[in-house]
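Participant: Before anything else, here's the structure in question.
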Amino acid sequence: MKQVDIAVVGAGPAGLHAALMGAERGLDVLVIDNAGQAGGQLVKQTHKFFGSREQRAGTRGIHIADELTKKLSTYTKARLWLSSTVLSYYPADQTLMIEDDAESIRLIQAQRLIIATGASEKLLPFPGNDLPGVYGAGAVQTLMNVHGVKPGRKVLMVGAGNIGLIVSYQLLQSDVEVVAVVEAAPHIGGYAVHASKIRRMGVPIYTSHSVKAARGEQVLERAVIWQLDEQWNGIDSTQFELPCDVLCLAVGLSPLTELLWQAGCRMVFVPELGGHVPWHNGRGATSVPEVFVAGDAGGVEEASSAMATGALAGLSAVESLGQCPDYAEATGAWSRELDALRAGPAGSKIRKGLQSLQL
Amino acid sequence: MMPDEERLKQGPVAIFECLQEIPCDPCADACQFGAVLAFQDINDLPQLDYDACNGCGNCVSRCPGLAIFVIDMTWSEDKALLKLPYELLPLPQKGDEVRCFDREGTEVGQGRIVRVVQSLRVGTPVLWVELDKELALDVRHVAPLSGGGERDG
Ligand SMILES: Cc1cc2nc3c(=O)[nH]c(=O)nc-3n(C[C@H](O)[C@H](O)[C@H](O)COP(=O)(O)OP(=O)(O)OC[C@H]3O[C@@H](n4cnc5c(N)ncnc54)[C@H](O)[C@@H]3O)c2cc1C
Ligand code: SF4
Ligand code: SF4
């Protein structure tokens, strides 16, 4: 069986940064991702990034992914297996079971495992949500930005967090009409500047509103919208219909944690972080000494913070193998950057989540 | 983040419509004239020294929030100039008449493109739109006269 120093599951911003930390320090690193292209969520992101210059603000997500992959490829001891899914992890002998797209199975033994699997989209229960035309925001982004296909002509967006607002704007850029954005909360959750971009293009944002039902003969033809009262119950008398052929759900993400459960990590339910997350120490260490977590898998946040948590988890894994002479320095710099990112009001949810994780 | 009337009378100046603390700071690096005050923290709100700002518009193309505009009330006798970021294709061309929309997406009048600035690097294209002075403070989006998938607000 093949053996590596560090196996990283997920080649998003977190996984790529984690892998680079090991590769730069001369270790055998294997990165595994089920997508055909490295970059994780970054691949879908054609908009310019927020954050500081260090995190390449103003650069488009897709370019960041290319840059990181190229850098990793300069290390001969670093390998990237694409179109390969990690099916399971066996903690007793620290072995990963990996299936490639030819459906052949390989086993890899790893001294250290870094889980950077990202997050999956939450769904919303309502009658008709199985009609063709009801999509998650990730699927809509993949269609548009990766395959260059318009998902439909008239889109109703559900969710006014950053993802809902950004995908709405990307739809408008692709010349697709966005009939409205509905948001169950009384306030727009995403950044005001993102909301302003679509407001001035004439898209109404209905806060305290949700989808009551999706209707159509064979495919989605219209959505029934209603206002919510303070207890978030729909008010019948307020309902109205909007014609649309796509209903795009952007109602949140939850960490992808199957492998962490399998590894026997202590899991904690923290709503602010998106659901169940492994307990971790802020530098990627979980309750299982060989297993580390990075990026959205440890709490749904942003690409800029995923790069930092990825680097920290990578450094911690290298340190635990006794190969990180510059550990204090390197982690200090990344931790400071991460703290700065989370310092403002926009980071308050994450700060609260990380606090309850430690209780 | 609005320069006063006196400052508007003196020539082109940037207007930052960024009023919520978010972790973002490219505007601080974008200005070569020291008009955007240095950030202490990445979550700070941008602060502008209106006397140092000459309205060049470099920051407009660098802001990922598309939240910066430049207004020149001294452009001509009866017209103002508005520089706005524009990320839709096809880009309007110099000389094109365009429909003008306010912050809510309501059509409020027409303007004319006098220049299209496309920087070579990652920057957002910036349109220079000539329009009636009383529209300059309200218009935040433009669209071609026909098509373009826009709605009438
Ligand atoms: C529309 C949208 C806009 C965004 N805009 C911004 C922004 O402007 N600024 C910002 O900082 N952040 C932004 N983000 C957030 C950012 O994209 C994510 O927080 C970030 O990508 C998380 O990085 P990650 O490496 O943890 O996970 P991901 O990028 O999700 O990568 C995880 C990877 O793991 C792979 N994987 C999962 N399970 C397995 C398995 N079992 N086997 C093999 N591979 C597996 C997945 O295929 C994926 O490639 C945005 C997100 C979205 C959806
Ligand atoms: S318009 Fe030019 S001078 Fe004014 S703040 Fe922006 S970059 Fe600086
Ligand atoms: S770059 Fe734009 S969005 Fe970011 S802080 Fe500056 S003005 Fe605000």
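By order in the structure tokens, chains are A, B, ...; within a chain, residues start at 1; ligands start at 1, following the order shown.
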With only C-alpha atoms counted and 6 Å as the cut-off, give the residues of chain B in contact with chain A, each with its shortest interatomic distance in Å and the pair that gives it, as a Markdown table.

Facilitator:
| residue | atom | partner | partner_atom | distance |
| --- | --- | --- | --- | --- |
| B:Ile22 | CA | A:Ala346 | CA | 5.7 |
| B:Pro23 | CA | A:Gly51 | CA | 5.4 |
| B:Cys24 | CA | A:Gly51 | CA | 4.3 |
| B:Asp25 | CA | A:Ser52 | CA | 5.6 |
| B:Asn43 | CA | A:Gly344 | CA | 5.3 |
| B:Pro64 | CA | A:Lys48 | CA | 5.5 |
| B:Gly65 | CA | A:Val193 | CA | 5.2 |
| B:Leu88 | CA | A:Gln173 | CA | 5.4 |
| B:Arg103 | CA | A:Arg200 | CA | 4.5 |
| B:Glu104 | CA | A:Arg200 | CA | 4.8 |
| B:Gly105 | CA | A:Gly202 | CA | 3.9 |
| B:Gly149 | CA | A:Asp175 | CA | 5.8 |
| B:Gly153 | CA | A:Gly202 | CA | 4.8 |

Participant: Just all heavy atoms for this one: save the residues we selected as an mmCIF file, in the first residue's frame.

Facilitator:
data_model
loop_
_atom_site.group_PDB
_atom_site.id
_atom_site.type_symbol
_atom_site.label_atom_id
_atom_site.label_comp_id
_atom_site.auth_asym_id
_atom_site.auth_seq_id
_atom_site.Cartn_x
_atom_site.Cartn_y
_atom_site.Cartn_z
ATOM 1 N N ILE B 22 -16.976 45.896 6.554
ATOM 2 C CA ILE B 22 -16.747 44.547 6.029
ATOM 3 C C ILE B 22 -15.243 44.365 5.865
ATOM 4 O O ILE B 22 -14.515 45.343 5.738
ATOM 5 C CB ILE B 22 -17.458 44.333 4.662
ATOM 6 C CG1 ILE B 22 -17.080 45.439 3.657
ATOM 7 C CG2 ILE B 22 -18.967 44.285 4.850
ATOM 8 C CD1 ILE B 22 -17.614 45.213 2.260
ATOM 9 N N PRO B 23 -14.782 43.096 5.890
ATOM 10 C CA PRO B 23 -13.331 42.889 5.766
ATOM 11 C C PRO B 23 -12.858 43.098 4.320
ATOM 12 O O PRO B 23 -12.761 42.167 3.557
ATOM 13 C CB PRO B 23 -13.139 41.439 6.226
ATOM 14 C CG PRO B 23 -14.463 40.789 6.054
ATOM 15 C CD PRO B 23 -15.509 41.847 6.146
ATOM 16 N N CYS B 24 -12.536 44.322 3.970
ATOM 17 C CA CYS B 24 -12.206 44.670 2.587
ATOM 18 C C CYS B 24 -11.403 45.965 2.583
ATOM 19 O O CYS B 24 -11.744 46.891 3.315
ATOM 20 C CB CYS B 24 -13.513 44.873 1.815
ATOM 21 S SG CYS B 24 -13.271 45.290 0.086
ATOM 22 N N ASP B 25 -10.331 46.022 1.769
ATOM 23 C CA ASP B 25 -9.554 47.268 1.752
ATOM 24 C C ASP B 25 -8.792 47.637 0.464
ATOM 25 O O ASP B 25 -7.905 48.486 0.512
ATOM 26 C CB ASP B 25 -8.574 47.290 2.939
ATOM 27 C CG ASP B 25 -7.458 46.241 2.793
ATOM 28 O OD1 ASP B 25 -7.419 45.530 1.771
ATOM 29 O OD2 ASP B 25 -6.629 46.153 3.712
ATOM 30 N N ASN B 43 -11.406 45.920 8.571
ATOM 31 C CA ASN B 43 -12.849 46.160 8.647
ATOM 32 C C ASN B 43 -13.227 47.641 8.687
ATOM 33 O O ASN B 43 -14.412 47.980 8.661
ATOM 34 C CB ASN B 43 -13.435 45.461 9.874
ATOM 35 C CG ASN B 43 -13.522 43.956 9.674
ATOM 36 O OD1 ASN B 43 -14.382 43.471 8.961
ATOM 37 N ND2 ASN B 43 -12.601 43.227 10.284
ATOM 38 N N PRO B 64 -14.037 45.966 -5.278
ATOM 39 C CA PRO B 64 -14.832 44.791 -5.623
ATOM 40 C C PRO B 64 -16.310 44.967 -5.298
ATOM 41 O O PRO B 64 -17.145 44.228 -5.816
ATOM 42 C CB PRO B 64 -14.216 43.678 -4.778
ATOM 43 C CG PRO B 64 -13.541 44.365 -3.646
ATOM 44 C CD PRO B 64 -13.129 45.716 -4.147
ATOM 45 N N GLY B 65 -16.647 45.950 -4.468
ATOM 46 C CA GLY B 65 -18.044 46.193 -4.134
ATOM 47 C C GLY B 65 -18.748 47.091 -5.134
ATOM 48 O O GLY B 65 -19.936 47.371 -4.983
ATOM 49 N N LEU B 88 -20.889 44.714 -17.237
ATOM 50 C CA LEU B 88 -21.751 43.948 -18.140
ATOM 51 C C LEU B 88 -21.223 44.031 -19.561
ATOM 52 O O LEU B 88 -20.587 44.999 -19.941
ATOM 53 C CB LEU B 88 -23.185 44.506 -18.090
ATOM 54 C CG LEU B 88 -23.843 44.565 -16.714
ATOM 55 C CD1 LEU B 88 -25.248 45.104 -16.835
ATOM 56 C CD2 LEU B 88 -23.859 43.205 -16.067
ATOM 57 N N ARG B 103 -30.437 54.322 -7.535
ATOM 58 C CA ARG B 103 -30.028 53.214 -6.659
ATOM 59 C C ARG B 103 -31.079 52.118 -6.546
ATOM 60 O O ARG B 103 -30.764 50.978 -6.224
ATOM 61 C CB ARG B 103 -29.703 53.741 -5.257
ATOM 62 C CG ARG B 103 -28.495 54.661 -5.204
ATOM 63 C CD ARG B 103 -28.256 55.203 -3.812
ATOM 64 N NE ARG B 103 -27.190 56.191 -3.825
ATOM 65 C CZ ARG B 103 -27.358 57.453 -4.207
ATOM 66 N NH1 ARG B 103 -28.568 57.889 -4.587
ATOM 67 N NH2 ARG B 103 -26.335 58.280 -4.211
ATOM 68 N N GLU B 104 -32.348 52.468 -6.774
ATOM 69 C CA GLU B 104 -33.420 51.472 -6.680
ATOM 70 C C GLU B 104 -33.712 50.836 -8.038
ATOM 71 O O GLU B 104 -34.631 50.051 -8.165
ATOM 72 C CB GLU B 104 -34.700 52.105 -6.145
ATOM 73 C CG GLU B 104 -34.787 52.141 -4.630
ATOM 74 C CD GLU B 104 -33.829 53.176 -4.061
ATOM 75 O OE1 GLU B 104 -33.870 54.328 -4.535
ATOM 76 O OE2 GLU B 104 -33.013 52.821 -3.184
ATOM 77 N N GLY B 105 -32.985 51.234 -9.071
ATOM 78 C CA GLY B 105 -33.227 50.656 -10.384
ATOM 79 C C GLY B 105 -34.316 51.357 -11.171
ATOM 80 O O GLY B 105 -34.791 50.836 -12.180
ATOM 81 N N GLY B 149 -31.511 43.410 -21.416
ATOM 82 C CA GLY B 149 -32.131 42.653 -20.344
ATOM 83 C C GLY B 149 -32.499 43.482 -19.131
ATOM 84 O O GLY B 149 -32.841 42.965 -18.090
ATOM 85 N N GLY B 153 -37.469 49.246 -13.652
ATOM 86 C CA GLY B 153 -37.522 49.594 -12.249
ATOM 87 C C GLY B 153 -38.829 49.255 -11.598
ATOM 88 O O GLY B 153 -39.560 48.449 -12.030
#

Participant: Return as a PyMOL selection string every polymer residue, whether protein, DNA or RNA, with at least one atom no more than 6 Å from an atom of ligand 1; count only C-alpha atoms and all ligand atoms.

Facilitator: chain A and resi 9-15+32-35+40-42+49-50+84-87+116-119+163+166-167+295-297+301-304+306

Participant: For the selection you just gave me, I'd like the residues written to a file as a CSV table (one decimal), in the first residue's frame, keeping N, CA, C and O atoms.

Facilitator:
chain,number,residue,atom,x,y,z
A,9,VAL,N,-7.7,15.9,2.0
A,9,VAL,CA,-8.9,15.7,1.2
A,9,VAL,C,-9.5,17.0,0.9
A,9,VAL,O,-9.9,17.8,1.8
A,10,GLY,N,-9.6,17.3,-0.4
A,10,GLY,CA,-10.2,18.6,-0.8
A,10,GLY,C,-9.1,19.5,-1.4
A,10,GLY,O,-8.2,19.8,-0.7
A,11,ALA,N,-9.3,20.0,-2.6
A,11,ALA,CA,-8.3,20.9,-3.2
A,11,ALA,C,-8.9,22.3,-3.4
A,11,ALA,O,-8.7,23.0,-4.4
A,12,GLY,N,-9.7,22.7,-2.4
A,12,GLY,CA,-10.2,24.1,-2.4
A,12,GLY,C,-9.1,25.0,-1.8
A,12,GLY,O,-7.9,24.6,-1.6
A,13,PRO,N,-9.4,26.3,-1.6
A,13,PRO,CA,-8.4,27.2,-1.0
A,13,PRO,C,-7.8,26.7,0.3
A,13,PRO,O,-6.6,26.8,0.5
A,14,ALA,N,-8.6,26.0,1.1
A,14,ALA,CA,-8.0,25.5,2.4
A,14,ALA,C,-7.1,24.3,2.1
A,14,ALA,O,-5.9,24.3,2.6
A,15,GLY,N,-7.5,23.3,1.3
A,15,GLY,CA,-6.7,22.2,1.1
A,15,GLY,C,-5.4,22.5,0.4
A,15,GLY,O,-4.3,22.0,0.7
A,32,ILE,N,-6.3,15.1,-2.7
A,32,ILE,CA,-7.3,14.3,-3.4
A,32,ILE,C,-8.5,15.1,-3.5
A,32,ILE,O,-9.0,15.7,-2.5
A,33,ASP,N,-9.1,15.2,-4.7
A,33,ASP,CA,-10.3,16.0,-4.9
A,33,ASP,C,-11.2,15.3,-5.9
A,33,ASP,O,-10.7,14.8,-6.9
A,34,ASN,N,-12.5,15.3,-5.6
A,34,ASN,CA,-13.4,14.5,-6.6
A,34,ASN,C,-13.7,15.3,-7.8
A,34,ASN,O,-14.2,14.8,-8.8
A,35,ALA,N,-13.4,16.6,-7.8
A,35,ALA,CA,-13.7,17.4,-9.0
A,35,ALA,C,-12.6,17.2,-10.1
A,35,ALA,O,-11.5,16.7,-9.7
A,40,GLY,N,-11.8,23.9,-5.7
A,40,GLY,CA,-13.0,23.9,-4.9
A,40,GLY,C,-14.0,25.0,-5.4
A,40,GLY,O,-14.2,25.1,-6.6
A,41,GLN,N,-14.6,25.7,-4.5
A,41,GLN,CA,-15.6,26.7,-4.8
A,41,GLN,C,-15.0,27.8,-5.6
A,41,GLN,O,-15.7,28.5,-6.3
A,42,LEU,N,-13.7,28.0,-5.5
A,42,LEU,CA,-13.0,29.1,-6.2
A,42,LEU,C,-13.3,29.1,-7.7
A,42,LEU,O,-13.3,30.1,-8.4
A,49,PHE,N,-12.7,39.3,-5.5
A,49,PHE,CA,-12.7,38.9,-4.1
A,49,PHE,C,-12.6,40.1,-3.2
A,49,PHE,O,-11.9,41.1,-3.5
A,50,PHE,N,-13.2,40.0,-2.1
A,50,PHE,CA,-13.0,40.9,-1.0
A,50,PHE,C,-11.8,40.5,-0.2
A,50,PHE,O,-11.2,39.4,-0.5
A,84,SER,N,-11.0,12.1,-8.1
A,84,SER,CA,-10.9,11.0,-7.1
A,84,SER,C,-11.6,11.3,-5.8
A,84,SER,O,-11.4,12.4,-5.3
A,85,THR,N,-12.5,10.4,-5.4
A,85,THR,CA,-13.3,10.6,-4.2
A,85,THR,C,-12.8,9.8,-3.0
A,85,THR,O,-12.5,8.6,-3.2
A,86,VAL,N,-12.6,10.4,-1.9
A,86,VAL,CA,-12.3,9.7,-0.7
A,86,VAL,C,-13.6,9.1,-0.2
A,86,VAL,O,-14.5,9.8,0.2
A,87,LEU,N,-13.7,7.8,-0.2
A,87,LEU,CA,-15.0,7.1,0.2
A,87,LEU,C,-15.0,7.0,1.7
A,87,LEU,O,-16.1,7.2,2.3
A,116,ALA,N,-10.3,18.9,4.3
A,116,ALA,CA,-10.7,20.2,3.8
A,116,ALA,C,-11.7,20.1,2.7
A,116,ALA,O,-11.6,20.5,1.6
A,117,THR,N,-12.8,19.4,3.1
A,117,THR,CA,-13.8,19.0,2.2
A,117,THR,C,-14.9,20.1,1.9
A,117,THR,O,-15.8,19.8,1.1
A,118,GLY,N,-14.8,21.2,2.6
A,118,GLY,CA,-15.7,22.3,2.3
A,118,GLY,C,-17.1,22.0,2.9
A,118,GLY,O,-17.3,21.3,3.9
A,119,ALA,N,-18.1,22.6,2.2
A,119,ALA,CA,-19.5,22.5,2.8
A,119,ALA,C,-20.5,22.1,1.7
A,119,ALA,O,-20.2,22.3,0.5
A,163,ILE,N,-24.0,34.7,-0.9
A,163,ILE,CA,-24.0,33.8,-2.0
A,163,ILE,C,-25.2,34.1,-2.9
A,163,ILE,O,-25.1,34.3,-4.1
A,166,ILE,N,-24.5,37.4,-4.7
A,166,ILE,CA,-23.5,37.3,-5.8
A,166,ILE,C,-23.9,36.5,-7.0
A,166,ILE,O,-23.8,36.9,-8.1
A,167,VAL,N,-24.6,35.4,-6.7
A,167,VAL,CA,-25.1,34.6,-7.8
A,167,VAL,C,-26.2,35.4,-8.6
A,167,VAL,O,-26.2,35.3,-9.8
A,295,GLY,N,-10.7,25.0,6.6
A,295,GLY,CA,-11.7,25.6,5.7
A,295,GLY,C,-13.1,25.4,6.2
A,295,GLY,O,-13.3,25.2,7.4
A,296,ASP,N,-14.0,25.5,5.2
A,296,ASP,CA,-15.4,25.4,5.6
A,296,ASP,C,-15.8,24.1,6.3
A,296,ASP,O,-16.8,24.1,7.0
A,297,ALA,N,-15.0,23.0,6.2
A,297,ALA,CA,-15.4,21.8,6.9
A,297,ALA,C,-15.3,22.0,8.4
A,297,ALA,O,-16.0,21.3,9.1
A,301,GLU,N,-17.2,29.6,6.4
A,301,GLU,CA,-16.7,31.0,6.5
A,301,GLU,C,-16.5,31.5,5.1
A,301,GLU,O,-17.4,31.5,4.2
A,302,GLU,N,-15.3,31.9,4.8
A,302,GLU,CA,-15.0,32.5,3.5
A,302,GLU,C,-13.7,32.0,2.9
A,302,GLU,O,-12.9,31.3,3.6
A,303,ALA,N,-13.5,32.2,1.6
A,303,ALA,CA,-12.2,31.7,1.0
A,303,ALA,C,-11.0,32.4,1.6
A,303,ALA,O,-10.0,31.7,1.8
A,304,SER,N,-11.1,33.6,2.0
A,304,SER,CA,-9.9,34.3,2.6
A,304,SER,C,-9.6,33.6,3.9
A,304,SER,O,-8.4,33.4,4.1
A,306,ALA,N,-10.5,30.6,4.7
A,306,ALA,CA,-10.1,29.2,4.3
A,306,ALA,C,-8.6,29.1,4.0
A,306,ALA,O,-8.0,28.1,4.4

Participant: Measuring between only C-alpha atoms, which one of B:Asp132, B:Asp4, B:Asp138, B:Asp29 shows the shortest distance to Leu81 in chain B?

Facilitator: B:Asp132

Participant: At a cut-off of 7 Å, using only C-alpha atoms, what residues contact Trp128 in chain B? Leave out same-chain residues fewer than 5 positions from it and give the result as a ChimeraX atom specification.

Facilitator: /B:81-84,113-116

Participant: Which residues come within 12 Å of Leu27 in chain A, counting only C-alpha atoms, excluding same-chain residues fewer than 5 positions away, as a ChimeraX atom specification?

Facilitator: /A:3-7,18-22,75-79,110-112,314-315,317-319,321-324

Participant: List every residue of chain B that DSSP, applied to the backbone, labels as strand (DSSP E or B), and write the result as a PyMOL selection string.

Facilitator: chain B and resi 13-16+24+36+48+68-72+79-85+97-101+107-117+126-132+141-144

Participant: Got time to write the residues from that selection, C-alpha atoms, as a PDB file, in the first residue's frame?

Facilitator:
ATOM      1  CA  VAL B  13     -14.277  64.019  -6.603  1.00  0.00           C
ATOM      2  CA  ALA B  14     -14.855  60.429  -5.510  1.00  0.00           C
ATOM      3  CA  ILE B  15     -17.959  59.320  -3.631  1.00  0.00           C
ATOM      4  CA  PHE B  16     -17.647  56.148  -1.564  1.00  0.00           C
ATOM      5  CA  CYS B  24     -12.206  44.670   2.587  1.00  0.00           C
ATOM      6  CA  VAL B  36      -7.923  57.307   0.860  1.00  0.00           C
ATOM      7  CA  LEU B  48     -11.501  60.130   2.082  1.00  0.00           C
ATOM      8  CA  ILE B  68     -17.163  54.042  -5.636  1.00  0.00           C
ATOM      9  CA  PHE B  69     -18.247  56.715  -8.119  1.00  0.00           C
ATOM     10  CA  VAL B  70     -16.663  59.974  -9.277  1.00  0.00           C
ATOM     11  CA  ILE B  71     -18.753  63.067  -9.846  1.00  0.00           C
ATOM     12  CA  ASP B  72     -17.616  66.162 -11.717  1.00  0.00           C
ATOM     13  CA  LYS B  79     -23.812  68.854 -17.716  1.00  0.00           C
ATOM     14  CA  ALA B  80     -22.059  66.821 -15.043  1.00  0.00           C
ATOM     15  CA  LEU B  81     -19.757  63.860 -15.553  1.00  0.00           C
ATOM     16  CA  LEU B  82     -20.256  60.599 -13.677  1.00  0.00           C
ATOM     17  CA  LYS B  83     -17.606  57.853 -13.659  1.00  0.00           C
ATOM     18  CA  LEU B  84     -19.124  54.501 -12.800  1.00  0.00           C
ATOM     19  CA  PRO B  85     -17.916  50.896 -12.675  1.00  0.00           C
ATOM     20  CA  GLU B  97     -26.762  57.279 -25.519  1.00  0.00           C
ATOM     21  CA  VAL B  98     -27.627  55.292 -22.396  1.00  0.00           C
ATOM     22  CA  ARG B  99     -30.588  54.975 -20.044  1.00  0.00           C
ATOM     23  CA  CYS B 100     -29.786  56.053 -16.491  1.00  0.00           C
ATOM     24  CA  PHE B 101     -31.037  54.344 -13.324  1.00  0.00           C
ATOM     25  CA  GLU B 107     -35.061  54.874 -14.822  1.00  0.00           C
ATOM     26  CA  VAL B 108     -34.546  58.589 -14.255  1.00  0.00           C
ATOM     27  CA  GLY B 109     -33.190  59.936 -17.549  1.00  0.00           C
ATOM     28  CA  GLN B 110     -30.591  59.588 -20.259  1.00  0.00           C
ATOM     29  CA  GLY B 111     -26.890  60.243 -20.569  1.00  0.00           C
ATOM     30  CA  ARG B 112     -24.117  59.905 -23.106  1.00  0.00           C
ATOM     31  CA  ILE B 113     -20.888  57.888 -22.875  1.00  0.00           C
ATOM     32  CA  VAL B 114     -17.873  60.135 -23.404  1.00  0.00           C
ATOM     33  CA  ARG B 115     -15.171  57.622 -22.563  1.00  0.00           C
ATOM     34  CA  VAL B 116     -14.692  53.962 -21.645  1.00  0.00           C
ATOM     35  CA  VAL B 117     -11.646  53.259 -19.482  1.00  0.00           C
ATOM     36  CA  VAL B 126     -15.152  52.505 -15.881  1.00  0.00           C
ATOM     37  CA  LEU B 127     -17.714  54.427 -17.950  1.00  0.00           C
ATOM     38  CA  TRP B 128     -17.626  58.204 -18.167  1.00  0.00           C
ATOM     39  CA  VAL B 129     -21.238  59.316 -18.509  1.00  0.00           C
ATOM     40  CA  GLU B 130     -22.242  62.897 -19.332  1.00  0.00           C
ATOM     41  CA  LEU B 131     -25.636  63.706 -17.853  1.00  0.00           C
ATOM     42  CA  ASP B 132     -27.804  66.502 -16.454  1.00  0.00           C
ATOM     43  CA  HIS B 141     -26.337  52.395 -13.231  1.00  0.00           C
ATOM     44  CA  VAL B 142     -26.728  52.726 -16.980  1.00  0.00           C
ATOM     45  CA  ALA B 143     -28.001  50.454 -19.752  1.00  0.00           C
ATOM     46  CA  PRO B 144     -28.111  50.585 -23.551  1.00  0.00           C
TER      47      PRO B 144
END

Participant: Which residues are near ligand 2 - at most 6 Å, using only C-alpha atoms and all ligand atoms? Format: as a PyMOL selection string.

Facilitator: chain B and resi 13-14+30-31+33+35-36+53-59

Participant: Keeping only N, CA and C atoms, write those residues as a short mmCIF file (atom, residue, chain, number, x, y, z; two decimals), in the first residue's frame.

Facilitator:
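selection_7.cif, freshly written:
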data_model
loop_
_atom_site.label_atom_id
_atom_site.label_comp_id
_atom_site.auth_asym_id
_atom_site.auth_seq_id
_atom_site.Cartn_x
_atom_site.Cartn_y
_atom_site.Cartn_z
N VAL B 13 -14.57 64.57 -7.92
CA VAL B 13 -14.28 64.02 -6.60
C VAL B 13 -14.95 62.64 -6.47
N ALA B 14 -14.31 61.78 -5.69
CA ALA B 14 -14.86 60.43 -5.51
C ALA B 14 -15.93 60.42 -4.43
N ALA B 30 -5.44 51.69 -3.75
CA ALA B 30 -5.68 52.09 -5.14
C ALA B 30 -5.29 53.54 -5.41
N CYS B 31 -5.26 54.37 -4.38
CA CYS B 31 -5.10 55.81 -4.59
C CYS B 31 -3.63 56.22 -4.49
N PHE B 33 -2.69 59.23 -4.66
CA PHE B 33 -2.64 60.62 -4.20
C PHE B 33 -2.86 60.74 -2.70
N ALA B 35 -5.40 60.07 -1.01
CA ALA B 35 -6.71 60.59 -0.63
C ALA B 35 -7.52 59.60 0.20
N VAL B 36 -7.24 58.29 0.02
CA VAL B 36 -7.92 57.31 0.86
C VAL B 36 -7.04 57.06 2.08
N CYS B 53 -8.19 64.34 -3.13
CA CYS B 53 -8.77 63.57 -4.24
C CYS B 53 -8.94 64.44 -5.47
N ASN B 54 -8.44 63.93 -6.62
CA ASN B 54 -8.60 64.68 -7.87
C ASN B 54 -9.59 64.01 -8.82
N GLY B 55 -10.29 62.97 -8.32
CA GLY B 55 -11.33 62.35 -9.13
C GLY B 55 -10.80 61.50 -10.28
N CYS B 56 -9.56 61.02 -10.18
CA CYS B 56 -8.97 60.26 -11.29
C CYS B 56 -9.75 58.98 -11.59
N GLY B 57 -10.35 58.38 -10.56
CA GLY B 57 -11.19 57.21 -10.80
C GLY B 57 -10.47 55.88 -10.70
N ASN B 58 -9.21 55.90 -10.32
CA ASN B 58 -8.48 54.64 -10.19
C ASN B 58 -9.15 53.71 -9.17
N CYS B 59 -9.58 54.30 -8.05
CA CYS B 59 -10.23 53.50 -7.01
C CYS B 59 -11.54 52.88 -7.52
#

Participant: Find the residues near Ser287 in chain A: any atom within 7 Å, counting only C-alpha atoms, skip ones fewer than 3 places away on the same chain, and give them as a PyMOL selection string.

Facilitator: chain A and resi 265-266+279-280

Participant: Take the residues just selected and output them with all heavy atoms as a CSV table (one decimal), in the first residue's frame.

Facilitator:
chain,number,residue,atom,x,y,z
A,265,CYS,N,-13.5,11.9,15.4
A,265,CYS,CA,-13.3,13.2,16.0
A,265,CYS,C,-14.5,13.6,16.9
A,265,CYS,O,-15.7,13.2,16.5
A,265,CYS,CB,-13.2,14.3,14.9
A,265,CYS,SG,-11.8,14.0,13.9
A,266,ARG,N,-14.3,14.3,18.0
A,266,ARG,CA,-15.4,14.8,18.8
A,266,ARG,C,-16.1,15.8,18.0
A,266,ARG,O,-15.5,16.8,17.5
A,266,ARG,CB,-14.9,15.3,20.1
A,266,ARG,CG,-16.0,15.8,21.0
A,266,ARG,CD,-15.5,15.9,22.4
A,266,ARG,NE,-14.7,17.1,22.7
A,266,ARG,CZ,-15.3,18.3,22.9
A,266,ARG,NH1,-16.6,18.5,22.9
A,266,ARG,NH2,-14.5,19.3,23.2
A,279,TRP,N,-14.6,19.5,17.0
A,279,TRP,CA,-13.9,20.4,17.9
A,279,TRP,C,-12.5,20.6,17.3
A,279,TRP,O,-11.9,19.7,16.8
A,279,TRP,CB,-13.8,19.7,19.3
A,279,TRP,CG,-12.9,20.6,20.1
A,279,TRP,CD1,-13.3,21.6,20.9
A,279,TRP,CD2,-11.5,20.5,20.3
A,279,TRP,NE1,-12.3,22.2,21.5
A,279,TRP,CE2,-11.1,21.6,21.1
A,279,TRP,CE3,-10.5,19.7,19.7
A,279,TRP,CZ2,-9.8,21.8,21.5
A,279,TRP,CZ3,-9.2,19.9,20.1
A,279,TRP,CH2,-8.8,21.0,20.9
A,280,HIS,N,-12.1,21.9,17.3
A,280,HIS,CA,-10.7,22.1,16.9
A,280,HIS,C,-10.1,23.3,17.6
A,280,HIS,O,-10.9,24.1,18.2
A,280,HIS,CB,-10.6,22.3,15.3
A,280,HIS,CG,-11.5,23.4,14.8
A,280,HIS,ND1,-11.1,24.7,14.7
A,280,HIS,CD2,-12.7,23.3,14.2
A,280,HIS,CE1,-12.0,25.4,14.1
A,280,HIS,NE2,-13.0,24.6,13.8

Participant: Report, in Å with one decimal, the straight-line distance from CA of Val277 in chain A to CA of Gly298 in chain A.

Facilitator: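 Result for CA of Val277 in chain A versus CA of Gly298 in chain A: 5.4 Å, one decimal.
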